[in-house]
Amino acid sequence: MNLGIKLLVAEDDPNLGTILKAYLSQKGFTVTLVTDGQAAIEAFRNDDVDVCVLDVMMPVKDGFAVGKEIRRLDKRVPIIFLTAKSLEADKLKGFEIGADDYITKPFSMNELLARINATIRRSFDENKPENNIFNIGKFVFDHSRQTLTIDGNERHLTSKECELMRIFALNFNQIVDRTTTLQKIWKTDSIFAARSMDVYITKLRKYLSADPSLQIINVHGVGFKLTQQ
């Protein structure tokens, strides 16, 4: 169920962090574990994260500061705070920042898993766009579920893969402007972001190769085009 879903877990307790990573990896998630707030921000910037699980009390930058920065970068990605504090004021602060859930320590691994899955379902439902299912060649692309399916074989797409695929689907057989796409998905047109987008386009080309009639072609000096032969 969770294959392909990427979690960013920020927890400064090395024992708990190791347990969380091992458990969530066993449940099918791809887990990036960091131990301080600055590392969490850098990991979020450098990876394609689907859900953030942030400890509130961390060195360098606390979880609330990290949550604010992540919300500035991405208003949609789900954020779950972990904390030993049970004060209502702290919970309200977390939700004001834009948290999707708040778990008080100690908690069971089963509870954490249930809350992560519930947050993912809510996030997909709330962000469901008008045009969410596309027939592209032999593929069915479901934006709300972040899936690309061919001949009954379903692949879960990461958030950036999904948003990039939706732009191609909405502009099928039309040129997709490179700079506009970078600004829309990466919020910047920096060289790093451009290289990152090239990596994701290479991944989409690989996924779509199951239907030889589909191609993502480069339009020199402008952008890209998803076409069907």
# chains A, B, ... in the order shown; residues from 1 in each chain; ligands from 1
call {"tool": "select_by_dssp", "arguments": {"residues": "range 16-105 of chain A", "states": "alpha helix (DSSP H)", "output": "NGL selection string"}}
result
:A and (16-26 or 37-46 or 63-73 or 88-97)
call {"tool": "select_by_dssp", "arguments": {"residues": "range 34-215 of chain A", "states": "strand (DSSP E or B)", "output": "NGL selection string"}}
result
:A and (34 or 51-55 or 79-83 or 101-104 or 133-136 or 139-142 or 147-150 or 153-156 or 175-177 or 214-215)
call {"tool": "closest_residue", "arguments": {"among": "A:Cys52, A:Leu73, A:Leu170, A:Val219", "to": "Ala99 in chain A", "atoms": "only C-alpha atoms"}}
result
A:Cys52
call {"tool": "closest_atom_pairs", "arguments": {"of": "range 139-172 of chain A", "to": "range 179-196 of chain A", "cutoff": "10 Å", "atoms": "only C-alpha atoms", "output": "JSON lines"}}
result
{"residue": "A:Ser159", "atom": "CA", "partner": "A:Ile185", "partner_atom": "CA", "distance": 9.5}
{"residue": "A:Lys160", "atom": "CA", "partner": "A:Ile185", "partner_atom": "CA", "distance": 7.0}
{"residue": "A:Glu161", "atom": "CA", "partner": "A:Ile185", "partner_atom": "CA", "distance": 9.8}
{"residue": "A:Glu163", "atom": "CA", "partner": "A:Ile185", "partner_atom": "CA", "distance": 7.0}
{"residue": "A:Leu164", "atom": "CA", "partner": "A:Ile185", "partner_atom": "CA", "distance": 7.5}
{"residue": "A:Ile167", "atom": "CA", "partner": "A:Thr181", "partner_atom": "CA", "distance": 7.9}
{"residue": "A:Phe168", "atom": "CA", "partner": "A:Thr181", "partner_atom": "CA", "distance": 10.0}
call {"tool": "write_last_selection", "arguments": {"atoms": "N, CA, C and O atoms", "output": "PDB file, in the first residue's frame"}}
result
ATOM      1  N   SER A 159       5.258  13.154  -5.120  1.00  0.00           N
ATOM      2  CA  SER A 159       4.519  14.409  -5.296  1.00  0.00           C
ATOM      3  C   SER A 159       4.990  15.174  -6.529  1.00  0.00           C
ATOM      4  O   SER A 159       4.177  15.640  -7.339  1.00  0.00           O
ATOM      5  N   LYS A 160       6.296  15.311  -6.685  1.00  0.00           N
ATOM      6  CA  LYS A 160       6.819  16.070  -7.830  1.00  0.00           C
ATOM      7  C   LYS A 160       6.593  15.318  -9.135  1.00  0.00           C
ATOM      8  O   LYS A 160       6.276  15.932 -10.165  1.00  0.00           O
ATOM      9  N   GLU A 161       6.768  13.998  -9.143  1.00  0.00           N
ATOM     10  CA  GLU A 161       6.458  13.216 -10.343  1.00  0.00           C
ATOM     11  C   GLU A 161       5.002  13.419 -10.739  1.00  0.00           C
ATOM     12  O   GLU A 161       4.677  13.588 -11.925  1.00  0.00           O
ATOM     13  N   GLU A 163       2.894  15.973  -9.969  1.00  0.00           N
ATOM     14  CA  GLU A 163       2.590  17.322 -10.448  1.00  0.00           C
ATOM     15  C   GLU A 163       3.148  17.543 -11.848  1.00  0.00           C
ATOM     16  O   GLU A 163       2.511  18.185 -12.694  1.00  0.00           O
ATOM     17  N   LEU A 164       4.332  16.993 -12.108  1.00  0.00           N
ATOM     18  CA  LEU A 164       4.924  17.111 -13.436  1.00  0.00           C
ATOM     19  C   LEU A 164       4.099  16.341 -14.463  1.00  0.00           C
ATOM     20  O   LEU A 164       3.828  16.834 -15.568  1.00  0.00           O
ATOM     21  N   ILE A 167       0.934  18.275 -15.380  1.00  0.00           N
ATOM     22  CA  ILE A 167       1.187  19.363 -16.331  1.00  0.00           C
ATOM     23  C   ILE A 167       1.293  18.816 -17.748  1.00  0.00           C
ATOM     24  O   ILE A 167       0.720  19.367 -18.696  1.00  0.00           O
ATOM     25  N   PHE A 168       1.996  17.671 -17.913  1.00  0.00           N
ATOM     26  CA  PHE A 168       2.084  17.054 -19.230  1.00  0.00           C
ATOM     27  C   PHE A 168       0.715  16.574 -19.710  1.00  0.00           C
ATOM     28  O   PHE A 168       0.368  16.723 -20.886  1.00  0.00           O
TER      29      PHE A 168
END
call {"tool": "residues_around", "arguments": {"residues": "Gly67 in chain A", "least_positions_apart": "3", "cutoff": "12 Å", "atoms": "only C-alpha atoms", "output": "CSV table (one decimal) with all heavy atoms, in the first residue's frame"}}
result
chain,number,residue,atom,x,y,z
A,8,LEU,N,9.7,12.0,5.5
A,8,LEU,CA,10.8,12.7,6.1
A,8,LEU,C,10.6,12.6,7.6
A,8,LEU,O,9.6,13.2,8.1
A,8,LEU,CB,10.9,14.1,5.7
A,8,LEU,CG,11.9,15.0,6.4
A,8,LEU,CD1,13.3,14.5,6.4
A,8,LEU,CD2,11.8,16.5,6.0
A,10,ALA,N,12.1,13.6,11.3
A,10,ALA,CA,13.0,14.4,12.0
A,10,ALA,C,12.9,14.1,13.5
A,10,ALA,O,11.9,14.5,14.1
A,10,ALA,CB,12.9,15.9,11.7
A,37,GLY,N,16.8,20.2,13.1
A,37,GLY,CA,15.9,20.9,12.3
A,37,GLY,C,16.5,21.4,11.0
A,37,GLY,O,15.8,21.4,10.0
A,38,GLN,N,17.7,21.9,11.0
A,38,GLN,CA,18.4,22.3,9.8
A,38,GLN,C,18.5,21.2,8.8
A,38,GLN,O,18.3,21.4,7.6
A,38,GLN,CB,19.7,23.0,10.1
A,38,GLN,CG,20.4,23.6,8.9
A,38,GLN,CD,19.5,24.7,8.3
A,38,GLN,OE1,18.9,25.5,9.0
A,38,GLN,NE2,19.4,24.7,6.9
A,40,ALA,N,16.6,18.7,8.6
A,40,ALA,CA,15.2,18.4,8.1
A,40,ALA,C,14.9,19.3,6.9
A,40,ALA,O,14.3,18.9,5.9
A,40,ALA,CB,14.2,18.6,9.2
A,41,ILE,N,15.2,20.6,7.1
A,41,ILE,CA,14.9,21.6,6.0
A,41,ILE,C,15.7,21.3,4.7
A,41,ILE,O,15.2,21.3,3.6
A,41,ILE,CB,15.2,23.0,6.5
A,41,ILE,CG1,14.2,23.4,7.6
A,41,ILE,CG2,15.1,24.0,5.3
A,41,ILE,CD1,14.5,24.7,8.2
A,44,PHE,N,14.3,18.2,3.0
A,44,PHE,CA,13.0,18.5,2.3
A,44,PHE,C,13.3,19.3,1.0
A,44,PHE,O,12.7,19.0,0.0
A,44,PHE,CB,12.1,19.4,3.2
A,44,PHE,CG,10.8,19.7,2.6
A,44,PHE,CD1,9.8,18.7,2.7
A,44,PHE,CD2,10.5,20.8,1.9
A,44,PHE,CE1,8.5,18.9,2.1
A,44,PHE,CE2,9.3,21.1,1.3
A,44,PHE,CZ,8.3,20.1,1.4
A,51,VAL,N,5.3,13.1,3.0
A,51,VAL,CA,4.8,13.3,4.3
A,51,VAL,C,6.0,13.7,5.3
A,51,VAL,O,7.0,13.0,5.2
A,51,VAL,CB,4.0,12.1,5.0
A,51,VAL,CG1,3.5,12.5,6.4
A,51,VAL,CG2,2.9,11.7,4.1
A,52,CYS,N,5.8,14.7,6.1
A,52,CYS,CA,6.8,15.1,7.1
A,52,CYS,C,6.4,14.7,8.5
A,52,CYS,O,5.3,15.1,8.9
A,52,CYS,CB,7.1,16.6,7.0
A,52,CYS,SG,7.6,17.2,5.4
A,53,VAL,N,7.2,14.0,9.2
A,53,VAL,CA,7.0,13.7,10.6
A,53,VAL,C,8.1,14.3,11.4
A,53,VAL,O,9.2,14.0,11.4
A,53,VAL,CB,7.0,12.1,10.8
A,53,VAL,CG1,6.7,11.8,12.3
A,53,VAL,CG2,6.0,11.4,9.9
A,54,LEU,N,7.7,15.4,12.2
A,54,LEU,CA,8.7,16.3,12.8
A,54,LEU,C,8.6,16.3,14.3
A,54,LEU,O,7.5,16.6,14.9
A,54,LEU,CB,8.5,17.7,12.3
A,54,LEU,CG,8.4,17.9,10.8
A,54,LEU,CD1,8.1,19.4,10.5
A,54,LEU,CD2,9.7,17.5,10.1
A,55,ASP,N,9.6,16.0,15.0
A,55,ASP,CA,9.7,16.1,16.4
A,55,ASP,C,9.8,17.6,16.7
A,55,ASP,O,10.4,18.4,16.0
A,55,ASP,CB,11.0,15.4,17.0
A,55,ASP,CG,11.1,15.5,18.5
A,55,ASP,OD1,10.0,15.6,19.1
A,55,ASP,OD2,12.2,15.5,19.0
A,56,VAL,N,9.0,18.1,17.8
A,56,VAL,CA,9.0,19.5,18.1
A,56,VAL,C,10.3,19.9,18.7
A,56,VAL,O,10.9,21.0,18.4
A,56,VAL,CB,7.8,19.8,19.0
A,56,VAL,CG1,7.9,21.3,19.5
A,56,VAL,CG2,6.5,19.6,18.2
A,61,LYS,N,17.2,23.9,14.9
A,61,LYS,CA,15.9,24.5,14.7
A,61,LYS,C,14.9,23.6,15.3
A,61,LYS,O,14.9,22.4,15.0
A,61,LYS,CB,15.7,24.8,13.2
A,61,LYS,CG,16.5,25.9,12.7
A,61,LYS,CD,16.1,26.3,11.3
A,61,LYS,CE,16.9,27.5,10.8
A,61,LYS,NZ,16.5,27.9,9.4
A,62,ASP,N,13.9,24.1,16.0
A,62,ASP,CA,12.9,23.2,16.5
A,62,ASP,C,11.9,22.9,15.5
A,62,ASP,O,11.9,23.4,14.3
A,62,ASP,CB,12.2,23.8,17.8
A,62,ASP,CG,11.4,25.1,17.5
A,62,ASP,OD1,10.9,25.2,16.4
A,62,ASP,OD2,11.2,25.9,18.4
A,63,GLY,N,11.0,21.9,15.8
A,63,GLY,CA,10.0,21.4,14.8
A,63,GLY,C,9.1,22.5,14.3
A,63,GLY,O,8.7,22.5,13.1
A,64,PHE,N,8.7,23.4,15.1
A,64,PHE,CA,7.8,24.5,14.7
A,64,PHE,C,8.5,25.4,13.7
A,64,PHE,O,7.8,25.8,12.7
A,64,PHE,CB,7.4,25.3,15.9
A,64,PHE,CG,6.4,24.6,16.8
A,64,PHE,CD1,6.5,24.9,18.2
A,64,PHE,CD2,5.5,23.7,16.4
A,64,PHE,CE1,5.6,24.2,19.1
A,64,PHE,CE2,4.6,23.0,17.2
A,64,PHE,CZ,4.7,23.3,18.6
A,70,ILE,N,8.8,24.6,5.9
A,70,ILE,CA,8.3,23.7,4.9
A,70,ILE,C,7.0,24.2,4.4
A,70,ILE,O,6.7,24.1,3.2
A,70,ILE,CB,8.1,22.3,5.6
A,70,ILE,CG1,9.4,21.6,5.8
A,70,ILE,CG2,7.1,21.4,4.8
A,70,ILE,CD1,9.4,20.3,6.6
A,71,ARG,N,6.2,24.9,5.2
A,71,ARG,CA,4.9,25.4,4.7
A,71,ARG,C,5.2,26.6,3.7
A,71,ARG,O,4.4,26.8,2.8
A,71,ARG,CB,4.1,25.9,5.9
A,71,ARG,CG,3.1,24.9,6.5
A,71,ARG,CD,2.0,24.6,5.5
A,71,ARG,NE,1.3,23.3,5.8
A,71,ARG,CZ,1.6,22.2,5.3
A,71,ARG,NH1,2.5,22.0,4.4
A,71,ARG,NH2,0.9,21.1,5.7
A,72,ARG,N,6.2,27.3,3.9
A,72,ARG,CA,6.6,28.4,3.0
A,72,ARG,C,7.0,27.8,1.6
A,72,ARG,O,6.6,28.3,0.6
A,72,ARG,CB,7.8,29.2,3.6
A,72,ARG,CG,8.1,30.4,2.7
A,72,ARG,CD,9.3,31.2,3.3
A,72,ARG,NE,10.5,30.4,3.1
A,72,ARG,CZ,11.2,30.4,1.9
A,72,ARG,NH1,10.7,31.0,0.9
A,72,ARG,NH2,12.3,29.7,1.8
A,73,LEU,N,7.6,26.6,1.7
A,73,LEU,CA,8.1,26.0,0.4
A,73,LEU,C,7.0,25.2,-0.2
A,73,LEU,O,6.9,25.1,-1.4
A,73,LEU,CB,9.3,25.0,0.8
A,73,LEU,CG,10.5,25.7,1.3
A,73,LEU,CD1,11.5,24.7,1.8
A,73,LEU,CD2,11.2,26.6,0.2
A,74,ASP,N,6.1,24.6,0.6
A,74,ASP,CA,5.0,23.7,0.0
A,74,ASP,C,3.8,23.8,1.0
A,74,ASP,O,3.9,23.4,2.1
A,74,ASP,CB,5.6,22.3,0.0
A,74,ASP,CG,4.6,21.3,-0.8
A,74,ASP,OD1,3.4,21.6,-0.7
A,74,ASP,OD2,5.1,20.4,-1.4
A,75,LYS,N,2.7,24.3,0.4
A,75,LYS,CA,1.5,24.5,1.3
A,75,LYS,C,0.7,23.2,1.4
A,75,LYS,O,-0.3,23.2,2.1
A,75,LYS,CB,0.7,25.6,0.7
A,75,LYS,CG,1.4,27.0,0.8
A,75,LYS,CD,0.5,28.1,0.5
A,75,LYS,CE,1.2,29.4,0.4
A,75,LYS,NZ,1.9,29.7,1.7
A,76,ARG,N,1.1,22.2,0.6
A,76,ARG,CA,0.2,21.0,0.5
A,76,ARG,C,0.8,19.8,1.3
A,76,ARG,O,0.0,18.9,1.7
A,76,ARG,CB,0.0,20.6,-0.9
A,76,ARG,CG,-0.8,21.6,-1.7
A,76,ARG,CD,-1.0,21.2,-3.2
A,76,ARG,NE,-1.5,19.8,-3.3
A,76,ARG,CZ,-1.6,19.1,-4.4
A,76,ARG,NH1,-1.1,19.7,-5.6
A,76,ARG,NH2,-2.0,17.9,-4.5
A,77,VAL,N,2.1,19.7,1.4
A,77,VAL,CA,2.6,18.4,1.9
A,77,VAL,C,2.2,18.2,3.4
A,77,VAL,O,2.2,19.2,4.2
A,77,VAL,CB,4.2,18.4,1.8
A,77,VAL,CG1,4.8,19.5,2.7
A,77,VAL,CG2,4.8,17.1,2.2
A,78,PRO,N,1.7,17.1,3.7
A,78,PRO,CA,1.2,16.8,5.1
A,78,PRO,C,2.4,16.9,6.1
A,78,PRO,O,3.5,16.4,5.9
A,78,PRO,CB,0.6,15.4,5.0
A,78,PRO,CG,0.3,15.2,3.6
A,78,PRO,CD,1.4,15.9,2.9
A,79,ILE,N,2.1,17.5,7.3
A,79,ILE,CA,3.0,17.6,8.4
A,79,ILE,C,2.4,17.0,9.7
A,79,ILE,O,1.3,17.4,10.0
A,79,ILE,CB,3.4,19.1,8.7
A,79,ILE,CG1,4.1,19.7,7.4
A,79,ILE,CG2,4.3,19.2,9.9
A,79,ILE,CD1,4.5,21.1,7.6
A,80,ILE,N,3.1,16.1,10.3
A,80,ILE,CA,2.7,15.5,11.6
A,80,ILE,C,3.7,15.9,12.6
A,80,ILE,O,4.9,15.6,12.4
A,80,ILE,CB,2.5,14.0,11.5
A,80,ILE,CG1,1.4,13.6,10.4
A,80,ILE,CG2,2.1,13.4,12.9
A,80,ILE,CD1,1.3,12.2,10.2
A,81,PHE,N,3.3,16.5,13.7
A,81,PHE,CA,4.3,16.9,14.8
A,81,PHE,C,4.3,15.8,15.8
A,81,PHE,O,3.2,15.2,16.2
A,81,PHE,CB,3.9,18.2,15.4
A,81,PHE,CG,4.3,19.4,14.6
A,81,PHE,CD1,3.4,20.3,14.2
A,81,PHE,CD2,5.6,19.6,14.3
A,81,PHE,CE1,3.7,21.4,13.5
A,81,PHE,CE2,6.0,20.8,13.6
A,81,PHE,CZ,5.0,21.7,13.2
A,82,LEU,N,5.5,15.4,16.3
A,82,LEU,CA,5.7,14.5,17.5
A,82,LEU,C,6.2,15.4,18.6
A,82,LEU,O,7.1,16.2,18.5
A,82,LEU,CB,6.7,13.4,17.2
A,82,LEU,CG,6.5,12.6,15.9
A,82,LEU,CD1,7.7,11.6,15.8
A,82,LEU,CD2,5.2,11.9,16.0
A,93,LYS,N,-0.4,25.9,18.5
A,93,LYS,CA,0.6,26.5,17.8
A,93,LYS,C,1.0,25.6,16.6
A,93,LYS,O,1.2,26.1,15.4
A,93,LYS,CB,1.9,26.7,18.7
A,93,LYS,CG,3.0,27.4,17.9
A,93,LYS,CD,4.2,27.6,18.9
A,93,LYS,CE,5.3,28.3,18.2
A,93,LYS,NZ,6.5,28.6,19.1
A,94,GLY,N,1.0,24.3,16.8
A,94,GLY,CA,1.3,23.4,15.7
A,94,GLY,C,0.3,23.5,14.6
A,94,GLY,O,0.6,23.6,13.4
A,95,PHE,N,-1.0,23.5,14.9
A,95,PHE,CA,-2.0,23.6,13.9
A,95,PHE,C,-2.1,25.0,13.2
A,95,PHE,O,-2.4,25.1,12.1
A,95,PHE,CB,-3.4,23.3,14.6
A,95,PHE,CG,-3.6,21.8,14.9
A,95,PHE,CD1,-3.9,21.4,16.2
A,95,PHE,CD2,-3.4,20.9,13.9
A,95,PHE,CE1,-4.0,20.1,16.5
A,95,PHE,CE2,-3.6,19.5,14.2
A,95,PHE,CZ,-3.9,19.1,15.5
A,96,GLU,N,-1.7,26.0,14.0
A,96,GLU,CA,-1.6,27.4,13.3
A,96,GLU,C,-0.6,27.4,12.3
A,96,GLU,O,-0.7,28.1,11.3
A,96,GLU,CB,-1.4,28.4,14.4
A,96,GLU,CG,-2.6,28.7,15.3
A,96,GLU,CD,-2.2,29.6,16.5
A,96,GLU,OE1,-1.0,30.0,16.6
A,96,GLU,OE2,-3.1,29.9,17.3
A,97,ILE,N,0.5,26.7,12.5
A,97,ILE,CA,1.6,26.6,11.5
A,97,ILE,C,1.1,25.9,10.3
A,97,ILE,O,1.6,26.2,9.2
A,97,ILE,CB,2.8,25.9,12.1
A,97,ILE,CG1,3.5,26.9,13.2
A,97,ILE,CG2,3.9,25.5,11.1
A,97,ILE,CD1,4.5,26.2,14.0
A,98,GLY,N,0.2,25.0,10.4
A,98,GLY,CA,-0.3,24.2,9.3
A,98,GLY,C,-0.1,22.7,9.4
A,98,GLY,O,-0.1,22.0,8.4
A,99,ALA,N,0.0,22.3,10.7
A,99,ALA,CA,0.1,20.8,10.9
A,99,ALA,C,-1.2,20.1,10.5
A,99,ALA,O,-2.3,20.6,10.6
A,99,ALA,CB,0.4,20.5,12.4
A,100,ASP,N,-1.0,18.9,10.0
A,100,ASP,CA,-2.2,18.0,9.7
A,100,ASP,C,-2.6,17.1,10.9
A,100,ASP,O,-3.7,16.7,11.0
A,100,ASP,CB,-1.9,17.2,8.5
A,100,ASP,CG,-1.7,18.0,7.2
A,100,ASP,OD1,-0.6,18.5,7.0
A,100,ASP,OD2,-2.7,18.2,6.5
call {"tool": "atom_distance", "arguments": {"atom1": "CA of Ile217 in chain A", "atom2": "CA of Asn171 in chain A"}}
result
13.1 Å
call {"tool": "closest_residue", "arguments": {"among": "A:Asp13, A:Asp47, A:Ala84, A:Ala89", "to": "Pro59 in chain A", "atoms": "only C-alpha atoms"}}
result
A:Asp13
call {"tool": "residues_around", "arguments": {"residues": "Val34 in chain A", "least_positions_apart": "2", "cutoff": "8 Å", "atoms": "only C-alpha atoms", "output": "list of chain:residue names"}}
result
A:Leu8, A:Val9, A:Ala10, A:Glu11, A:Asp12, A:Thr32, A:Asp36, A:Ala39, A:Ala40, A:Ala43
call {"tool": "atom_distance", "arguments": {"atom1": "CA of Leu157 in chain A", "atom2": "CA of Gly4 in chain A"}}
result
6.8 Å
call {"tool": "closest_residue", "arguments": {"among": "A:Val60, A:Ile5, A:Ile19, A:Ile201", "to": "Thr147 in chain A", "atoms": "only C-alpha atoms"}}
result
A:Ile5
